[in-house]
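Participant: What follows is the file structure30.cif, containing mmCIF, C-alpha atoms and all ligand atoms:
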```
data_upload
loop_
_atom_site.group_PDB
_atom_site.id
_atom_site.type_symbol
_atom_site.label_atom_id
_atom_site.label_comp_id
_atom_site.auth_asym_id
_atom_site.auth_seq_id
_atom_site.Cartn_x
_atom_site.Cartn_y
_atom_site.Cartn_z
ATOM 1 C CA MET G 1 108.681 20.292 42.134
ATOM 2 C CA LEU G 2 107.356 23.743 42.973
ATOM 3 C CA ILE G 3 108.794 26.389 40.665
ATOM 4 C CA CYS G 4 108.638 30.140 41.339
ATOM 5 C CA ARG G 5 108.785 32.171 38.153
ATOM 6 C CA THR G 6 107.804 35.542 36.770
ATOM 7 C CA GLU G 7 104.298 35.856 35.329
ATOM 8 C CA ARG G 8 104.252 35.288 31.572
ATOM 9 C CA PRO G 9 101.857 36.594 28.929
ATOM 10 C CA GLY G 10 98.914 34.173 28.914
ATOM 11 C CA ASP G 11 98.976 33.537 32.700
ATOM 12 C CA GLY G 12 96.384 36.252 33.387
ATOM 13 C CA GLU G 13 93.210 34.135 33.328
ATOM 14 C CA GLU G 14 94.688 31.408 35.551
ATOM 15 C CA ILE G 15 95.925 34.025 38.030
ATOM 16 C CA ASP G 16 92.467 35.614 37.934
ATOM 17 C CA GLU G 17 90.761 32.337 38.916
ATOM 18 C CA LEU G 18 93.275 31.691 41.683
ATOM 19 C CA VAL G 19 92.958 35.178 43.178
ATOM 20 C CA CYS G 20 89.129 35.050 43.099
ATOM 21 C CA ALA G 21 89.188 31.647 44.827
ATOM 22 C CA ALA G 22 91.692 32.769 47.485
ATOM 23 C CA TYR G 23 90.004 36.096 48.297
ATOM 24 C CA GLY G 24 86.409 34.973 47.682
ATOM 25 C CA HIS G 25 85.564 38.027 45.579
ATOM 26 C CA GLU G 26 86.592 39.639 42.268
ATOM 27 C CA ARG G 27 87.837 43.055 43.478
ATOM 28 C CA THR G 28 91.411 41.917 44.065
ATOM 29 C CA ALA G 29 91.647 40.182 40.690
ATOM 30 C CA ASP G 30 90.283 43.361 39.062
ATOM 31 C CA LEU G 31 93.051 45.365 40.763
ATOM 32 C CA ILE G 32 95.657 43.092 39.142
ATOM 33 C CA TRP G 33 94.142 43.639 35.678
ATOM 34 C CA SER G 34 94.188 47.408 36.152
ATOM 35 C CA LEU G 35 97.796 47.414 37.416
ATOM 36 C CA ARG G 36 98.771 45.354 34.359
ATOM 37 C CA GLU G 37 97.022 47.820 32.067
ATOM 38 C CA GLN G 38 98.729 50.773 33.765
ATOM 39 C CA GLY G 39 102.152 49.052 33.597
ATOM 40 C CA ASP G 40 102.452 49.494 37.379
ATOM 41 C CA ILE G 41 103.724 46.009 38.221
ATOM 42 C CA THR G 42 107.298 45.606 39.468
ATOM 43 C CA ILE G 43 107.208 41.933 40.458
ATOM 44 C CA SER G 44 104.472 39.472 39.502
ATOM 45 C CA GLN G 45 105.472 35.979 40.460
ATOM 46 C CA VAL G 46 103.682 32.661 40.280
ATOM 47 C CA ALA G 47 104.328 29.350 42.036
ATOM 48 C CA GLU G 48 103.803 26.546 39.554
ATOM 49 C CA TYR G 49 103.452 22.843 40.273
ATOM 50 C CA GLU G 50 103.318 20.373 37.363
ATOM 51 C CA GLY G 51 102.273 23.142 34.989
ATOM 52 C CA ALA G 52 99.468 24.530 37.177
ATOM 53 C CA ILE G 53 99.649 27.880 38.957
ATOM 54 C CA MET G 54 99.187 27.332 42.708
ATOM 55 C CA GLY G 55 100.150 30.741 44.019
ATOM 56 C CA HIS G 56 100.697 34.317 42.932
ATOM 57 C CA LEU G 57 102.079 37.512 44.401
ATOM 58 C CA LEU G 58 102.444 41.007 43.113
ATOM 59 C CA MET G 59 104.550 44.009 44.099
ATOM 60 C CA SER G 60 104.139 47.512 42.727
ATOM 61 C CA PRO G 61 105.568 50.906 43.693
ATOM 62 C CA ALA G 62 104.044 52.443 46.847
ATOM 63 C CA LEU G 63 103.535 56.176 46.765
ATOM 64 C CA ILE G 64 104.614 57.935 49.939
ATOM 65 C CA ASN G 65 103.507 61.553 50.199
ATOM 66 C CA GLY G 66 102.558 61.117 46.539
ATOM 67 C CA GLU G 67 106.118 60.224 45.633
ATOM 68 C CA ASP G 68 107.849 57.041 44.617
ATOM 69 C CA ILE G 69 110.762 56.877 47.070
ATOM 70 C CA GLY G 70 111.823 53.361 46.230
ATOM 71 C CA TRP G 71 109.397 51.340 48.355
ATOM 72 C CA LEU G 72 107.247 48.545 47.015
ATOM 73 C CA SER G 73 103.736 47.570 48.014
ATOM 74 C CA LEU G 74 103.034 43.848 48.321
ATOM 75 C CA ASN G 75 99.412 43.243 47.295
ATOM 76 C CA PRO G 76 97.953 40.764 46.682
ATOM 77 C CA ILE G 77 99.376 37.395 47.685
ATOM 78 C CA SER G 78 97.222 34.329 47.100
ATOM 79 C CA VAL G 79 97.389 30.559 47.193
ATOM 80 C CA TRP G 80 94.619 28.191 46.024
ATOM 81 C CA PRO G 81 92.564 27.359 49.159
ATOM 82 C CA GLU G 82 93.170 23.618 48.831
ATOM 83 C CA CYS G 83 96.942 24.191 48.508
ATOM 84 C CA GLN G 84 97.371 26.450 51.544
ATOM 85 C CA HIS G 85 99.456 25.565 54.643
ATOM 86 C CA GLN G 86 102.113 23.841 52.568
ATOM 87 C CA GLY G 87 104.601 26.693 52.505
ATOM 88 C CA ILE G 88 103.762 27.965 49.007
ATOM 89 C CA ALA G 89 103.250 31.602 50.038
ATOM 90 C CA SER G 90 106.405 31.514 52.155
ATOM 91 C CA THR G 91 108.476 30.162 49.263
ATOM 92 C CA MET G 92 107.143 32.768 46.813
ATOM 93 C CA LEU G 93 107.580 35.583 49.290
ATOM 94 C CA ARG G 94 111.191 34.734 50.144
ATOM 95 C CA GLU G 95 112.083 34.683 46.415
ATOM 96 C CA ALA G 96 110.237 37.919 45.689
ATOM 97 C CA LEU G 97 111.830 39.713 48.652
ATOM 98 C CA ASN G 98 115.281 38.612 47.467
ATOM 99 C CA SER G 99 114.473 39.932 43.987
ATOM 100 C CA ALA G 100 113.218 43.254 45.352
ATOM 101 C CA ASN G 101 116.401 43.636 47.423
ATOM 102 C CA GLU G 102 118.620 42.724 44.449
ATOM 103 C CA LEU G 103 116.710 45.205 42.286
ATOM 104 C CA ASP G 104 117.767 47.851 44.830
ATOM 105 C CA TRP G 105 114.335 48.740 46.215
ATOM 106 C CA ALA G 106 114.438 50.358 49.665
ATOM 107 C CA GLY G 107 111.835 48.086 51.223
ATOM 108 C CA VAL G 108 108.396 46.546 51.037
ATOM 109 C CA LEU G 109 105.114 47.597 52.660
ATOM 110 C CA VAL G 110 102.108 45.366 53.169
ATOM 111 C CA GLN G 111 98.821 45.592 55.002
ATOM 112 C CA GLY G 112 98.577 42.201 56.638
ATOM 113 C CA GLU G 113 98.777 39.944 59.663
ATOM 114 C CA LEU G 114 101.983 40.474 61.638
ATOM 115 C CA ALA G 115 101.751 36.825 62.775
ATOM 116 C CA PHE G 116 102.334 35.697 59.185
ATOM 117 C CA PHE G 117 104.674 38.406 57.874
ATOM 118 C CA ALA G 118 106.985 38.714 60.929
ATOM 119 C CA ARG G 119 108.772 35.491 59.937
ATOM 120 C CA PHE G 120 110.070 37.270 56.813
ATOM 121 C CA GLY G 121 111.356 40.233 58.822
ATOM 122 C CA PHE G 122 108.349 42.566 58.530
ATOM 123 C CA LYS G 123 107.665 44.859 61.503
ATOM 124 C CA LEU G 124 104.886 47.269 62.286
ATOM 125 C CA ALA G 125 105.582 50.155 59.879
ATOM 126 C CA SER G 126 105.213 52.589 62.788
ATOM 127 C CA GLU G 127 108.334 51.039 64.387
ATOM 128 C CA LEU G 128 110.336 52.028 61.300
ATOM 129 C CA GLY G 129 109.102 55.598 61.241
ATOM 130 C CA PHE G 130 106.039 55.335 59.033
ATOM 131 C CA SER G 131 102.833 56.814 60.281
ATOM 132 C CA ALA G 132 99.726 55.764 58.444
ATOM 133 C CA PRO G 133 96.032 56.000 59.266
ATOM 134 C CA ALA G 134 94.690 53.023 61.244
ATOM 135 C CA THR G 135 93.292 50.341 58.989
ATOM 136 C CA GLU G 136 91.662 46.978 59.583
ATOM 137 C CA LEU G 137 94.989 45.211 59.016
ATOM 138 C CA PRO G 138 98.133 46.973 60.229
ATOM 139 C CA LEU G 139 100.672 48.475 57.847
ATOM 140 C CA LEU G 140 103.846 46.375 57.976
ATOM 141 C CA ALA G 141 107.254 47.209 56.563
ATOM 142 C CA LEU G 142 110.457 45.400 55.704
ATOM 143 C CA ALA G 143 113.371 47.776 55.077
ATOM 144 C CA PHE G 144 116.331 46.762 52.918
ATOM 145 C CA LYS G 145 117.835 50.215 53.481
ATOM 146 C CA PRO G 146 117.457 52.237 56.691
ATOM 147 C CA LEU G 147 114.812 54.946 56.652
ATOM 148 C CA SER G 148 116.681 58.170 57.226
ATOM 149 C CA PHE G 149 113.594 60.261 57.943
ATOM 150 C CA ARG G 150 110.203 59.997 59.564
ATOM 151 C CA VAL G 151 107.414 59.534 57.072
ATOM 152 C CA SER G 152 104.280 60.948 58.575
ATOM 153 C CA ALA G 153 102.012 61.529 55.677
ATOM 154 C CA GLU G 154 99.851 59.684 53.274
ATOM 155 C CA ILE G 155 100.981 56.322 52.011
ATOM 156 C CA SER G 156 99.143 55.235 48.915
ATOM 157 C CA MET G 157 99.290 51.611 47.930
ATOM 158 C CA PRO G 158 97.337 49.991 45.128
ATOM 159 C CA ARG G 159 94.507 47.963 46.681
HETATM 160 C C1 LIG U 1 97.777 34.119 53.265
HETATM 161 C C2 LIG U 1 98.075 33.014 52.241
HETATM 162 C C3 LIG U 1 98.660 33.627 50.978
HETATM 163 C C4 LIG U 1 99.086 32.047 52.892
HETATM 164 O O1 LIG U 1 99.397 31.043 51.940
HETATM 165 P P1 LIG U 1 100.019 29.643 52.383
HETATM 166 O O2 LIG U 1 100.657 29.027 51.196
HETATM 167 O O3 LIG U 1 99.003 28.861 53.113
HETATM 168 O O4 LIG U 1 101.128 30.119 53.420
HETATM 169 P P2 LIG U 1 102.292 29.204 53.998
HETATM 170 O O5 LIG U 1 101.916 27.757 53.871
HETATM 171 O O6 LIG U 1 103.583 29.644 53.429
HETATM 172 O O7 LIG U 1 102.274 29.614 55.500
HETATM 173 C C5 LIG U 1 101.165 29.182 56.280
HETATM 174 C C6 LIG U 1 101.337 29.717 57.659
HETATM 175 O O8 LIG U 1 101.147 31.113 57.653
HETATM 176 C C7 LIG U 1 100.369 31.517 58.775
HETATM 177 N N1 LIG U 1 99.232 32.224 58.254
HETATM 178 C C8 LIG U 1 98.637 32.091 57.053
HETATM 179 N N2 LIG U 1 97.633 32.983 56.938
HETATM 180 C C9 LIG U 1 97.624 33.675 58.091
HETATM 181 C C10 LIG U 1 96.834 34.740 58.591
HETATM 182 N N3 LIG U 1 95.843 35.280 57.859
HETATM 183 N N4 LIG U 1 97.101 35.203 59.812
HETATM 184 C C11 LIG U 1 98.094 34.689 60.548
HETATM 185 N N5 LIG U 1 98.885 33.684 60.133
HETATM 186 C C12 LIG U 1 98.634 33.198 58.930
HETATM 187 C C13 LIG U 1 100.015 30.311 59.553
HETATM 188 O O9 LIG U 1 100.931 30.250 60.634
HETATM 189 C C14 LIG U 1 100.290 29.185 58.603
HETATM 190 O O10 LIG U 1 100.850 28.136 59.304
HETATM 191 P P3 LIG U 1 100.095 26.723 59.327
HETATM 192 O O11 LIG U 1 100.140 26.213 57.926
HETATM 193 O O12 LIG U 1 100.933 25.932 60.272
HETATM 194 O O13 LIG U 1 98.696 27.009 59.810
HETATM 195 C C15 LIG U 1 96.809 32.197 51.895
HETATM 196 O O14 LIG U 1 96.212 31.786 53.106
HETATM 197 C C16 LIG U 1 95.777 32.956 51.066
HETATM 198 O O15 LIG U 1 95.805 32.937 49.833
HETATM 199 N N6 LIG U 1 94.835 33.634 51.743
HETATM 200 C C17 LIG U 1 93.768 34.372 51.052
HETATM 201 C C18 LIG U 1 94.266 35.684 50.514
HETATM 202 C C19 LIG U 1 94.887 36.535 51.602
HETATM 203 O O16 LIG U 1 94.307 36.740 52.660
HETATM 204 N N7 LIG U 1 96.098 37.064 51.323
HETATM 205 C C20 LIG U 1 96.881 37.829 52.289
HETATM 206 C C21 LIG U 1 96.454 39.234 52.376
HETATM 207 S S1 LIG U 1 97.620 40.146 53.360
#
```
Go through the file and emit its structure as structure tokens.
Ligand SMILES: CC(C)(COP(=O)(O)OP(=O)(O)OC[C@H]1O[C@@H](n2cnc3c(N)ncnc32)[C@H](O)[C@@H]1OP(=O)(O)O)[C@@H](O)C(=O)NCCC(=O)NCCS
Facilitator:
Amino acid sequence: MLICRTERPGDGEEIDELVCAAYGHERTADLIWSLREQGDITISQVAEYEGAIMGHLLMSPALINGEDIGWLSLNPISVWPECQHQGIASTMLREALNSANELDWAGVLVQGELAFFARFGFKLASELGFSAPATELPLLALAFKPLSFRVSAEISMPR
């Protein structure tokens, strides 16, 4: 059975290997180590099957106009290449989004493919009032609480 659980001390090396395999480089795994060191991780969740970590996702506070206004940044999300297309990322993401909502965060931002993230309720962030510089992948947002203002300045997300 696939179990989604919070990262535990000692999971770091296994997560590192998984993230390097999924992304094909070490930069993203290095980001996770630095966020851990800085204590900037809000949600770090793994998907475990028979004791092995198959997937991982991380959420940390997004800075909007340099301020933490209660939004999380989802980055990264990874599944072992040979375990992809089995719903592992979807399962982890649904659990993590529920946790973020229950923890009273205002919403989640991610730079990613709308085709994948739309099924969880993400929209183009511009539709919700965010305005961010154009990037290779669009900025997407899922709001748990309505945005009561237009955010038209710099959004800084750990990447
Ligand atoms: C993206 C990723 C986490 C998805 O993991 P997964 O466990 O395969 O996802 P799920 O099985 O829950 O969902 C798979 C579905 O998502 C969609 N999907 C996955 N990646 C996609 C992408 N890059 N663009 C569009 N749709 C995508 C497909 O519709 C796929 O359906 P299929 O299995 O019928 O082809 C995984 O492919 C991965 O680790 N990729 C490398 C790291 C990465 O790019 N992370 C995302 C950065 S935003």
Participant: Could you tell me, counting all atoms listed in the file, which protein and nucleic acid residues lie no more than 7 Å from ligand LIG 1 (chain U), written as a tab-separated table (two decimals) with C-alpha atoms, in the frame of the given file?
Facilitator:
```
chain	number	residue	atom	x	y	z
G	22	ALA	CA	91.69	32.77	47.48
G	23	TYR	CA	90.00	36.10	48.30
G	76	PRO	CA	97.95	40.76	46.68
G	77	ILE	CA	99.38	37.40	47.68
G	78	SER	CA	97.22	34.33	47.10
G	79	VAL	CA	97.39	30.56	47.19
G	80	TRP	CA	94.62	28.19	46.02
G	81	PRO	CA	92.56	27.36	49.16
G	83	CYS	CA	96.94	24.19	48.51
G	84	GLN	CA	97.37	26.45	51.54
G	85	HIS	CA	99.46	25.56	54.64
G	86	GLN	CA	102.11	23.84	52.57
G	87	GLY	CA	104.60	26.69	52.50
G	88	ILE	CA	103.76	27.96	49.01
G	89	ALA	CA	103.25	31.60	50.04
G	90	SER	CA	106.40	31.51	52.16
G	91	THR	CA	108.48	30.16	49.26
G	110	VAL	CA	102.11	45.37	53.17
G	111	GLN	CA	98.82	45.59	55.00
G	112	GLY	CA	98.58	42.20	56.64
G	113	GLU	CA	98.78	39.94	59.66
G	115	ALA	CA	101.75	36.83	62.78
G	116	PHE	CA	102.33	35.70	59.18
```
Participant: Determine the nearest neighbour of G:Pro61 from the options G:Thr28, G:Asn101, G:Glu48, G:Val108, counting only C-alpha atoms.
Facilitator: G:Val108
Participant: Quick one: contact table of stretch 1-71 of chain G to stretch 126-145 of chain G, 10 Å max, nearest atom pair and distance in Å to one decimal per residue, counting all atoms listed in the file, chain and number order, as JSON lines?
Facilitator:
```
{"residue": "G:Ile64", "atom": "CA", "partner": "G:Phe130", "partner_atom": "CA", "distance": 9.6}
{"residue": "G:Gly70", "atom": "CA", "partner": "G:Lys145", "partner_atom": "CA", "distance": 9.9}
{"residue": "G:Trp71", "atom": "CA", "partner": "G:Ala143", "partner_atom": "CA", "distance": 8.6}
```
Participant: Which residues would end up in the selection if the PyMOL selection byres (((chain G and resi 12) around 12) and not hetatm) were applied here, given that I need the answer as an MDAnalysis selection string?
Facilitator: chainID G and resid 6:11 13:19 29:30 32:37 44:46 53 56
Participant: Please indicate the distance in Å from atom CA of G:Gly39 to atom CA of G:Leu72, rounded to one decimal place.
Facilitator: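 Spanning atom CA of G:Gly39 to atom CA of G:Leu72 is a straight-line distance of 14.4 Å.
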Participant: I need the residue nearest G:Ala100 from this list: G:Leu57, G:Ile69, G:Ile43, G:Leu124. Use only C-alpha atoms for the distance.
Facilitator: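 Closest to G:Ala100, using only C-alpha atoms: G:Ile43.
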Participant: For atom CA of G:Ala118 and atom CA of G:Ala21, determine how far apart the two atoms are, in Å to one decimal place.
Facilitator: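 Value for the atom CA of G:Ala118-atom CA of G:Ala21 distance: 25.0 Å.
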Participant: May I ask for the distance between atom CA of G:Leu93 and atom CA of G:Glu50, given in Å to one decimal place?
Facilitator: 19.8 Å
Participant: When distances are computed from only C-alpha atoms, which of G:Ala106, G:Ala47, G:Cys20, G:Ala52 shows the smallest separation from G:Ser73?
Facilitator: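 When distances to G:Ser73 are compared using only C-alpha atoms, the smallest one comes from G:Ala106.
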Participant: Just need the box for stretch 29-38 of chain G, edges along x, y and z, holding every atom the file lists for it with 6 Å tacked onto each side, so centre and edge lengths in Å to one decimal, as lines of an AutoDock Vina configuration file.
Facilitator:
```
center_x = 94.5
center_y = 45.5
center_z = 36.4
size_x = 20.5
size_y = 22.6
size_z = 20.7
```
Participant: Find, counting all atoms listed in the file, the residue in G:His25, G:Glu95, G:Ile41, G:Leu147 that gets nearest to G:Ile3.
Facilitator: G:Glu95
